[in-house]
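Below: the structure, in structure tokens.
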Amino acid sequence: MNSRQQSSRTVSDFSEIKPNKLIDHCRLSDLPGSHVETEVTMPVWAVSESDFIREVWSPRGTLPSDSPLVLLQADSEIPNEFRTLKLWTQVGSISDLEKGLVLNYLEEKLDYNQQEIFNNVLEILEIPRSEVWYETFTFMVKLPERLRKRVHENGISRSFVRYLKDVKSPLKKELIDHITEGTLTVSTQQMRQISEATRRIDDDNLSRCIDDLKSIVQSSNNARKSGERVLNYLREKAFPRLMERRQNFKKELEKLDINGRITIDPPENFEGDYLDVSLRCKRDDDLESLSEAVRTCKPLLKYV
Amino acid sequence: MQTSIEVRLTEVKPGEAIDNVVVDSGAKENPHTSGIVSHVQDYDITVRETKPQTGETNSINQRFRSEKETLFLTTNPGSFIKPWESDSQLVGNDEWCLTPIEGCPLDCSYCYLQDYLDSQVVRFFVNQDEMIRQIHCFLDDPPDEPPHFFSLGELSDGLFLEPITRTLENIWECFKGREEAHLEVRTKSHHVHTLLENVSPAKNIIFTWSLSPEEEARSEEMLTASLDQRLAAMEMMNNRGFSVAVRIDPVVVRDDWERKYQQLIQTLFDRLNPEELEFVIIGTFRFPGGFDRIMEQRFPQKSFLQEEFLKSVDSKMRYERSLRTNVYKALIEQLRSHGVEPDLCMEPPFIWEDCDLKPETFTKHA
């Protein structure tokens with residue numbers, strides 16, 4: 001019997017088992033057939049909580065190293081000696097999300113520290129030993145289930161979701177709701193900017209921002225345009241001084257009679273004492289009129 | 001008055017920050033190691049032989065704390081003098097950093113070392129004779145034209161561990177009488193008593209205290225001396241003829257900042273004659289991109305990152321231009337009322353001009 005066959009047979013056995021008195025609130029069950037089949041000498045316990053994540057736990061040290069399942073699940077009330085760290089390695093296919101679940105479970109439920117996980121687990125899961133990779137696999141697990149599901153189903157990219165990591169923020173929760181419902185669409189780049197702006201909004205302004213965000217989304221049927229409007233709104237809230245300076249600069253620029261022949265840009269964030277001016281001309285006599293027009297740009301210098 | 005200062009200086013307790021001292025195998029035979037181990041006994045600190053382990057605790061704060069509590073005596077196989085070049089877009093001067101210690105036992109929430117150093121373990125290099133040799137070699141055959149500006153206190157507090165390490169006493173002799181070289185010792189500590197006992201003032205060695213309003217010092221500068229203790233130490237050094245200076249850096253902008261910094265400046269000049277100060281430098285809070293993630297991770301309850309920080313000319317994040325100009329103007333006005341003309345710390349020329357300061361008047365410090 002190869003490992004993949006073992007996997008499917010073991011999983012199918014889970015449905016046949018009966019509630020166990022000790023931990024029946026977890027809907028865990030006995031595996032009378034499975035443990036014989038896999039040469040496990042003690043019962044194996046299992047639970048599956050969603051349609052895309054398999055979660056399994058067993059008494060410590062009872063799972064053979066070449067068994068097909070990899071995920072562990074145990075309630076914190078379950079006595080420590082019943083928990084297992086023995087990961088089943090021949091898993092057929094295990095998704096990145098499932099790997100993350102294992103790591104998160106070990107850390108948060110079984111109190112293993114990162115170093116122990118680095119030394120004992122990452123290699124088994126074929127994850128490079130670095131904090132960056134570790135975080136890459138674990139942050140997904142901390143997302144709300146709906147969002148995890150979107151990632152799992154390839155609805156949105158992992159790099160995009162990274163910016164929604166801090167889901168404690170009620171503003172981000174609101175954003176996640178709109179994104180998962182499809183009423184708000186933003187690019188990864190816009191998501192990065194939204195995330196940056198969200199971090200700067202203090203608690204006093206949060207509830208007002210959430211209300212405003214709702215009304216922006218409700219007022220448009222175009223999810224992408226709503227995304228742009230939300231980004232602009234949050235930037236104004238997070239960077240009020242910069243936005244005001246930009247608007248004033250823009251107003252002053254619009255007053256000038258330069259007819260699109262001169263482009264004038266302030267330095268990034270107005271951190272500098274110069275303006276970038278570029279001219280567009282075709283003929284010799286354009287230059288003369290352009291130099292006149294450039295002189296009219298003098299009022300803009302007060303912004304730098 | 002003198003008595004009360006003396007009393008406050010008896011509160012010197014490096015043992016509050018350092019919990020244990022670990023001796024590297026390569027450092028055991030060094031004569032400076034036994035000297036440090038004997039000083040350590042005075043402060044109830046344990047000496048161990050195990051190499052400090054890092055990264056084995058779950059929380060980032062546990063890891064930082066356990067690393068910062070360890071003084072690791074080891075040797076430095078490389079250079080003790082490292083060049084620090086001022087960014088060409090900022091007003092400032094190039095310096096040479098003296099690094100007898102890497103890692104700071106103090107724990108300021110805004111400190112860039114949290115990101116800059118791979119490990120927070122406080123490493124003291126016991127091959128001090130080599131450091132002294134390198135300083136002499138530098139001064140005898142300098143790589144550039146004098147004056148040479150040295151700083152001590154970039155990678156650790158310049159004074160906090162002095163009662164244990166006595167490193168400044170060694171460095172002192174190198175600089176004494178070498179007028180072409182200036183040394184600035186930067187600190188938030190008040191551990192001056194061993195120095196006062198063992199060295200005499202040198203004009204080219206300046207002690208600079210970083211000062212913050214008392215509320216900020218209490219909430220953001222863990223394990224540092226209180227404002228009162230810092231001022232007492234300054235006062236005492238000044239009274240004994242040592243050169244002293246002040247950095248009000250970083251200025252943190254949040255509730256009631258103007259009142260707090262006005263009060264700080266007033267308290268400073270209630271205790272010290274402005275004319276006695278070599279210089280006063282002011283700088284607003286700034287940080288390299290990405291550093292705020294560490295701060296948020298370590299201190300999620302801190303609110304001062306919610307201000308409007310934007311990328312500046314050297315890619316560091318700074319308060320928005322008009323905000324920090326207003327802050328500087330308020331502090332400059334207050335300092336000028338005491339007859340002090342301050343310099344700005346690590347700011348581009350246009351900010352100096354926004355504040356009606358002339359970059360060309362920048363004092364060469366250290």
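The way I read the labels, and the way they are meant: chains A, B, ... in the order of the structure tokens, residue 1 as the first residue of every chain, and ligand 1 as the first ligand shown, with later ones counted on from there.
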> Once you count only C-alpha atoms, which residues of chain B turn out to be within 9 Å of chain A? Could you give them as a list in words?
Replying inline: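 Only these qualify: Gly55, Glu56, Thr57, Asn58, Ser59, Ser303, Leu305, Gln306, Glu307, Glu308, Phe309, Leu310, Lys311, Ser312, Val313, Glu320, Arg321, Ser322, Leu323, Pro348, Pro349, Phe350 and Ile351 of chain B.
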> Can you list every residue in range 5-238 of chain B that DSSP puts in strand (DSSP E or B), as JSON, numbers by chain?
Replying inline: {"B": [20, 21, 22, 23, 46, 47, 48, 70, 71, 72, 73, 74, 81, 82, 83, 84, 91, 95, 96, 97, 98, 101, 102, 107, 108, 122, 123, 124, 125, 148, 149, 150, 151, 152, 181, 182, 183, 184, 185, 186, 187, 205, 206, 207, 208, 209, 210, 221, 222]}
> What is the distance, in Å and to one decimal place, between CA of Leu287 in chain A and CA of Ile262 in chain A?
Replying inline: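 Result for CA of Leu287 in chain A versus CA of Ile262 in chain A: 11.2 Å, one decimal.
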> Within 7 Å of Gln229 in chain B, counting only C-alpha atoms, which residues qualify if same-chain residues fewer than 3 places away don't, as a count of residues only?
Replying inline: 6
